[in-house]
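Right, one structure below, let's go through it.
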Amino acid sequence: MKAAPAPAAAPAEPPVLAVDGLAVRYGRTEVISDVTLSVRRGEALALIGESGSGKSVTVLAVTGLLARGGAISGGTVTLDGEEIGRLSERERRRRGLLGRRVGMIFQNPSRALDPVCTVGQQLNEALRLTGLADRAALRARGAEWLRHVGLPDPGEALDRYPHQLSGGQRQRAMIAIALASEPELLIADEPTTALDVTIQAQVLNLIRGMQRELNLALILVTHDFGVVAAMADRVAVMYGGQVVETASVGEIIRTPRHPYTRALLRSLPTGAPGARIAALAGSVPQAGAMPSGCHFHPRCPLAQPRCAAVAPTFTMASHGRLMRCLRAEELADDR
Amino acid sequence: MIAEPPGAGPTAGARPLIALRGVSVRYPIRKGFFRRIVGHVGAVEGVSLDLTRGETLALVGESGCGKSTLGRAVLHLEAIAEGEIRADGGSSRQEIARRAQVVFQDPLGSLDPRWTIGNLIGEGLDVHRILRGAERDARVRELLAQVELPANAFHKFPHQLSGGQQQRVAIARALAIRPSLIVLDEATSALDVSVQAQILNLLKDLQTGYGLTYLFISHDLTVVGQFADRVAVMYLGRIMEMGRTGEVLRAPRHPYTRALLASSLKVDPEARIETVPLLQGDVPSPRNPPAGCRFRTRCPLAAPDCARLRHRMTLWQGREAAACIANGDAPTP
């Protein structure tokens, strides 16, 4: 493996992906509103939130895979300087946005892989997007990718069907397929949630190694702070369809500023025997019944009457943290 | 029969609530047109442990290690091929059913969508003919309050509740017939962290209030560290290490426990994935487990003698660990 490049590129370099004020509606229901984030080449951005926070809808909107009835209703999605948020599926395919320039790894490889095609056939589909056509060359390149992601007997594995591989091996095969088209942006949506811890460590290590080696921009969607701590350079915390705080991984975990980020970190089990956990009361609101004002105010320990009336904006506080809170200026201290 | 393990519980010497001795659960492998039995898969092999009143014993391990099967065996939902399970007071099917209840990972999957919450919680009271009519309804409302659900949930259906509330219903259902043991099979694994914390706190309060014993099946070592008094680490159907949670997680004895702990990610920005020592390969198929020590095919300390090692538990500083060549145990006793 080559020497790892610096985690974040020079600030002058424009981001590979920039999402600004993105809103998505399913019918009349706005499921995400005002999502802002960006990721640079060689950088890993973790998108963390509880279920219903809108993290999966955000990546579906970026990749143009929103289900029927879902549509972007505001904001922009920019890939390498081109606005791609409102392109038709045909136009997306023409510009290589489906599969080639943006690679995806899903939680469940047995649903993302086609059960009636061999791993080799599915790899070839991705390899052809790069202009490779010769059969022998496709096979050689496919086997090379499978060796690269650590599948045993890559030549043999090309002719295997997904069900003939173990869970961890399927996840490796899916990573090979996602990378074979040489994307610039890799999106991994809960890539290891279904895996055992020993296999999770293997797969995350592989994703990180590949990202470093190919200098990819990586968006990692997860609900697990352990995965965030192990993988991310920067973190965007989502709640109720909005990004509420963005900072480097060290800042988010050591000095969280937003009341939600603080509460979420405090509700993690510490592993201290018998200790009570400081549980955050209530649950994430449904998309159709989002509270007025700040979406977090009904559960927020610092809520004031104005929080129910005024919607906070996502801005840089004077202490240098990008966050969405009316009391941001009072949250300068570390915990 | 196997001797009582010394120092097995927090109150060693007291009569255990449930005692397992050399318990094995095997599933038949069937082949061909007539589905003839051609062999057996040992899902659980020779497990001995005691569940002491009021304690939480965690079963941890990777998928396929037999932790859920062992939980089902304790509930008499699984036939036992070898060994015995003794409950304090009797070991009949009905005795265990009254004494032990279960909460699963997916609450919606274990709650009938056409039943109201009131009927779901009251079902056990009806089946065991414990209470009827107004008395039963009063008891159900009391249970709703105990699991901190609003009283108006009584007439609702499962889909009208959030995931955390559904899990509270499953807990109330388990509590209804006043069991002494609740098997919690990944009961908080599917929940969001904030909701998981609420449910873990609730379970702790109920345990203190009713002197409940928990068999806590989980794959999350951090949750186990916080919640359980003792932990049993399983691999391919066998217990590899068992002892007080704090001691096992702080200073693991068996190489498998060490590997499992090292692979668990920590919420620490210094603990980058590049620094995590990797365990190679997958868990072998239980149809054809490695001879000798079952962990030897993935063990970083494996030696040729490991193939001749007979599985047995050794006692070390008040805890049990599977015999291991790297720990200086002889291949044959």
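Letters A, B, ... go to the chains of the structure tokens in the order shown; residues in each chain start at 1; ligands are counted from 1 in the same order.
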* Asked: Please, which residues of chain A lie no more than 6 Å from chain B when the count uses only C-alpha atoms, and can they be set out as JSON, numbers by chain?
  -> {"A": [50, 196, 197, 198, 201, 205, 225, 226, 229, 230, 250, 267, 269, 271, 272, 273, 274, 277, 279, 280]}
* Taking the backbone alone, and naming residues the way the document does, which bits of segment 246-287 of chain A are alpha helix (DSSP H) by DSSP, as an MDAnalysis selection string? -> chainID A and resid 249:254 259:266
* To do: Using DSSP on the backbone coordinates, identify all residues within segment 35-271 of chain B classified as strand (DSSP E or B); present the result as a PyMOL selection string.
  => chain B and resi 36-51+56-60+82-87+100-103+181-185+213-218+230-235+238-244
* **Best match for closeness to Pro191 of chain A among A:Ala178, A:Leu220, A:Leu206, A:Leu65, counting only C-alpha atoms** =>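 The shortest atom-to-atom distance to Pro191 of chain A comes from A:Leu220.
One distance worth recording is that between atom CA of Ala134 of chain B and atom CA of Gly122 of chain B, which is 11.5 Å.
Summary of the local environment: counting only C-alpha atoms, residues at most 10 Å from Gln171 of chain A, other than itself and those fewer than 2 positions away along its chain, are Ile105, Phe106, Gln107, Asn108, Pro109, Ser110, Ala112, Leu113, Val149, Pro162, Leu165, Ser166, Gly167, Gly168, Gln169, Ala173, Met174, Ile175, Ala176, Ile177, Pro191, Thr192, Leu195, Ile199, Gln200 and Val203 of chain A.
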Take the residues from that selection and put them in a file with N, CA and C atoms, as a PDB file, in the first residue's frame.
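As a result, out_34.pdb now contains:
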```
ATOM      1  N   ILE A 105     -21.500   1.828  -1.564  1.00  0.00           N
ATOM      2  CA  ILE A 105     -21.446   0.579  -0.815  1.00  0.00           C
ATOM      3  C   ILE A 105     -22.623   0.598   0.147  1.00  0.00           C
ATOM      4  N   PHE A 106     -23.421  -0.460   0.129  1.00  0.00           N
ATOM      5  CA  PHE A 106     -24.619  -0.476   0.955  1.00  0.00           C
ATOM      6  C   PHE A 106     -24.431  -1.379   2.167  1.00  0.00           C
ATOM      7  N   GLN A 107     -25.416  -1.285   3.073  1.00  0.00           N
ATOM      8  CA  GLN A 107     -25.379  -2.090   4.286  1.00  0.00           C
ATOM      9  C   GLN A 107     -25.511  -3.565   3.965  1.00  0.00           C
ATOM     10  N   ASN A 108     -26.419  -3.872   3.033  1.00  0.00           N
ATOM     11  CA  ASN A 108     -26.770  -5.257   2.814  1.00  0.00           C
ATOM     12  C   ASN A 108     -26.265  -5.727   1.453  1.00  0.00           C
ATOM     13  N   PRO A 109     -25.085  -6.363   1.397  1.00  0.00           N
ATOM     14  CA  PRO A 109     -24.542  -6.728   0.090  1.00  0.00           C
ATOM     15  C   PRO A 109     -25.397  -7.750  -0.631  1.00  0.00           C
ATOM     16  N   SER A 110     -26.161  -8.584   0.109  1.00  0.00           N
ATOM     17  CA  SER A 110     -26.948  -9.589  -0.609  1.00  0.00           C
ATOM     18  C   SER A 110     -28.112  -8.947  -1.346  1.00  0.00           C
ATOM     19  N   ALA A 112     -27.760  -5.700  -2.604  1.00  0.00           N
ATOM     20  CA  ALA A 112     -27.170  -4.809  -3.605  1.00  0.00           C
ATOM     21  C   ALA A 112     -26.549  -5.591  -4.750  1.00  0.00           C
ATOM     22  N   LEU A 113     -26.178  -6.863  -4.503  1.00  0.00           N
ATOM     23  CA  LEU A 113     -25.590  -7.666  -5.562  1.00  0.00           C
ATOM     24  C   LEU A 113     -26.704  -8.439  -6.267  1.00  0.00           C
ATOM     25  N   VAL A 149      -9.006  -6.353  -2.792  1.00  0.00           N
ATOM     26  CA  VAL A 149      -9.892  -6.239  -1.632  1.00  0.00           C
ATOM     27  C   VAL A 149      -9.768  -7.466  -0.717  1.00  0.00           C
ATOM     28  N   PRO A 162     -23.111 -14.542  -5.702  1.00  0.00           N
ATOM     29  CA  PRO A 162     -23.044 -13.913  -4.378  1.00  0.00           C
ATOM     30  C   PRO A 162     -23.359 -14.868  -3.224  1.00  0.00           C
ATOM     31  N   LEU A 165     -20.602 -16.812  -1.355  1.00  0.00           N
ATOM     32  CA  LEU A 165     -19.598 -16.109  -0.547  1.00  0.00           C
ATOM     33  C   LEU A 165     -20.142 -15.874   0.854  1.00  0.00           C
ATOM     34  N   SER A 166     -19.240 -15.710   1.830  1.00  0.00           N
ATOM     35  CA  SER A 166     -19.674 -15.376   3.189  1.00  0.00           C
ATOM     36  C   SER A 166     -20.027 -13.892   3.254  1.00  0.00           C
ATOM     37  N   GLY A 167     -20.646 -13.479   4.357  1.00  0.00           N
ATOM     38  CA  GLY A 167     -21.087 -12.085   4.499  1.00  0.00           C
ATOM     39  C   GLY A 167     -19.958 -11.089   4.301  1.00  0.00           C
ATOM     40  N   GLY A 168     -18.826 -11.357   4.954  1.00  0.00           N
ATOM     41  CA  GLY A 168     -17.678 -10.462   4.836  1.00  0.00           C
ATOM     42  C   GLY A 168     -17.120 -10.456   3.420  1.00  0.00           C
ATOM     43  N   GLN A 169     -17.116 -11.641   2.772  1.00  0.00           N
ATOM     44  CA  GLN A 169     -16.606 -11.738   1.399  1.00  0.00           C
ATOM     45  C   GLN A 169     -17.508 -10.988   0.423  1.00  0.00           C
ATOM     46  N   ALA A 173     -16.584  -8.050  -2.096  1.00  0.00           N
ATOM     47  CA  ALA A 173     -16.890  -8.065  -3.528  1.00  0.00           C
ATOM     48  C   ALA A 173     -17.611  -6.782  -3.916  1.00  0.00           C
ATOM     49  N   MET A 174     -18.539  -6.322  -3.054  1.00  0.00           N
ATOM     50  CA  MET A 174     -19.273  -5.100  -3.372  1.00  0.00           C
ATOM     51  C   MET A 174     -18.331  -3.894  -3.389  1.00  0.00           C
ATOM     52  N   ILE A 175     -17.364  -3.881  -2.481  1.00  0.00           N
ATOM     53  CA  ILE A 175     -16.395  -2.778  -2.465  1.00  0.00           C
ATOM     54  C   ILE A 175     -15.576  -2.793  -3.759  1.00  0.00           C
ATOM     55  N   ALA A 176     -15.173  -4.002  -4.199  1.00  0.00           N
ATOM     56  CA  ALA A 176     -14.415  -4.108  -5.453  1.00  0.00           C
ATOM     57  C   ALA A 176     -15.237  -3.563  -6.617  1.00  0.00           C
ATOM     58  N   ILE A 177     -16.538  -3.904  -6.660  1.00  0.00           N
ATOM     59  CA  ILE A 177     -17.393  -3.448  -7.756  1.00  0.00           C
ATOM     60  C   ILE A 177     -17.553  -1.926  -7.702  1.00  0.00           C
ATOM     61  N   PRO A 191     -21.921   0.585   6.034  1.00  0.00           N
ATOM     62  CA  PRO A 191     -21.333  -0.549   5.332  1.00  0.00           C
ATOM     63  C   PRO A 191     -21.071  -1.764   6.217  1.00  0.00           C
ATOM     64  N   THR A 192     -20.990  -1.589   7.531  1.00  0.00           N
ATOM     65  CA  THR A 192     -20.609  -2.728   8.370  1.00  0.00           C
ATOM     66  C   THR A 192     -21.619  -3.006   9.483  1.00  0.00           C
ATOM     67  N   LEU A 195     -22.400  -6.644  10.129  1.00  0.00           N
ATOM     68  CA  LEU A 195     -21.267  -7.570  10.263  1.00  0.00           C
ATOM     69  C   LEU A 195     -20.823  -7.714  11.718  1.00  0.00           C
ATOM     70  N   ILE A 199     -15.153  -8.910  11.666  1.00  0.00           N
ATOM     71  CA  ILE A 199     -15.271  -8.687  10.217  1.00  0.00           C
ATOM     72  C   ILE A 199     -15.436  -7.191   9.951  1.00  0.00           C
ATOM     73  N   GLN A 200     -16.160  -6.498  10.826  1.00  0.00           N
ATOM     74  CA  GLN A 200     -16.328  -5.051  10.687  1.00  0.00           C
ATOM     75  C   GLN A 200     -14.964  -4.362  10.649  1.00  0.00           C
ATOM     76  N   VAL A 203     -13.342  -4.970   7.248  1.00  0.00           N
ATOM     77  CA  VAL A 203     -13.950  -4.254   6.122  1.00  0.00           C
ATOM     78  C   VAL A 203     -13.667  -2.746   6.221  1.00  0.00           C
TER      79      VAL A 203
END
```
* Å distance separating atom CA of Val249 of chain A from atom CA of Glu43 of chain A, one decimal place ->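 So the two atoms, atom CA of Val249 of chain A and atom CA of Glu43 of chain A, lie 11.7 Å apart.
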* To do: Give me the residues within 12 Å of Ile217 of chain B as JSON, numbers by chain, counting only C-alpha atoms and dropping any in the same chain fewer than 6 places off.
  => {"B": [56, 57, 58, 59, 60, 61, 62, 63, 65, 66, 67, 68, 69, 70, 71, 72, 102, 103, 104, 105, 182, 183, 184, 185, 186, 187, 188, 189, 223, 224, 227, 228, 230, 231, 232, 233, 234]}
* Asked: From the set A:Gly131, A:Gly75, A:Pro15, A:Gly120, which residue has the shortest atom-to-atom contact distance to Trp145 of chain A, counting only C-alpha atoms?
  ->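 Nearest to Trp145 of chain A: A:Gly120.
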So which residues touch Leu186 of chain A within 12 Å, counting only C-alpha atoms, skipping near sequence neighbours fewer than 5 positions away, as a tab-separated table (two decimals) with C-alpha atoms, in the first residue's frame?
```tsv
chain	number	residue	atom	x	y	z
A	16	VAL	CA	-15.47	17.09	-4.76
A	17	LEU	CA	-19.02	17.23	-3.48
A	39	VAL	CA	-16.23	16.63	1.20
A	40	ARG	CA	-12.79	17.05	-0.39
A	41	ARG	CA	-10.55	14.64	-2.22
A	42	GLY	CA	-8.79	12.31	0.23
A	43	GLU	CA	-11.15	13.23	3.05
A	44	ALA	CA	-13.57	11.00	4.96
A	45	LEU	CA	-16.76	12.72	6.11
A	46	ALA	CA	-19.00	10.81	8.53
A	59	VAL	CA	-27.13	10.31	0.22
A	62	VAL	CA	-26.95	13.07	-3.87
A	63	THR	CA	-26.86	9.87	-5.94
A	97	LEU	CA	-23.09	9.82	-12.32
A	98	LEU	CA	-24.77	6.46	-11.85
A	99	GLY	CA	-22.00	4.09	-10.87
A	100	ARG	CA	-18.95	5.56	-12.56
A	101	ARG	CA	-18.04	8.85	-10.87
A	102	VAL	CA	-19.91	8.07	-7.65
A	103	GLY	CA	-19.45	4.61	-6.13
A	104	MET	CA	-21.84	3.23	-3.52
A	105	ILE	CA	-21.45	0.58	-0.82
A	106	PHE	CA	-24.62	-0.48	0.95
A	175	ILE	CA	-16.39	-2.78	-2.46
A	176	ALA	CA	-14.42	-4.11	-5.45
A	177	ILE	CA	-17.39	-3.45	-7.76
A	178	ALA	CA	-17.90	0.07	-6.34
A	179	LEU	CA	-14.22	0.91	-6.86
A	180	ALA	CA	-13.69	-0.83	-10.22
A	181	SER	CA	-15.27	2.07	-12.14
A	191	PRO	CA	-21.33	-0.55	5.33
A	207	ILE	CA	-12.36	0.86	2.94
A	208	ARG	CA	-9.97	3.26	4.67
A	210	MET	CA	-8.58	2.01	-0.47
A	211	GLN	CA	-9.75	5.56	0.18
A	212	ARG	CA	-6.21	6.63	1.14
A	214	LEU	CA	-6.96	6.10	-4.43
A	215	ASN	CA	-7.26	9.55	-2.78
A	216	LEU	CA	-11.06	9.29	-2.80
A	217	ALA	CA	-13.60	11.56	-1.19
A	218	LEU	CA	-15.55	9.31	1.19
A	219	ILE	CA	-18.95	9.86	2.77
A	220	LEU	CA	-19.64	7.34	5.51
A	221	VAL	CA	-23.21	7.14	6.79
```
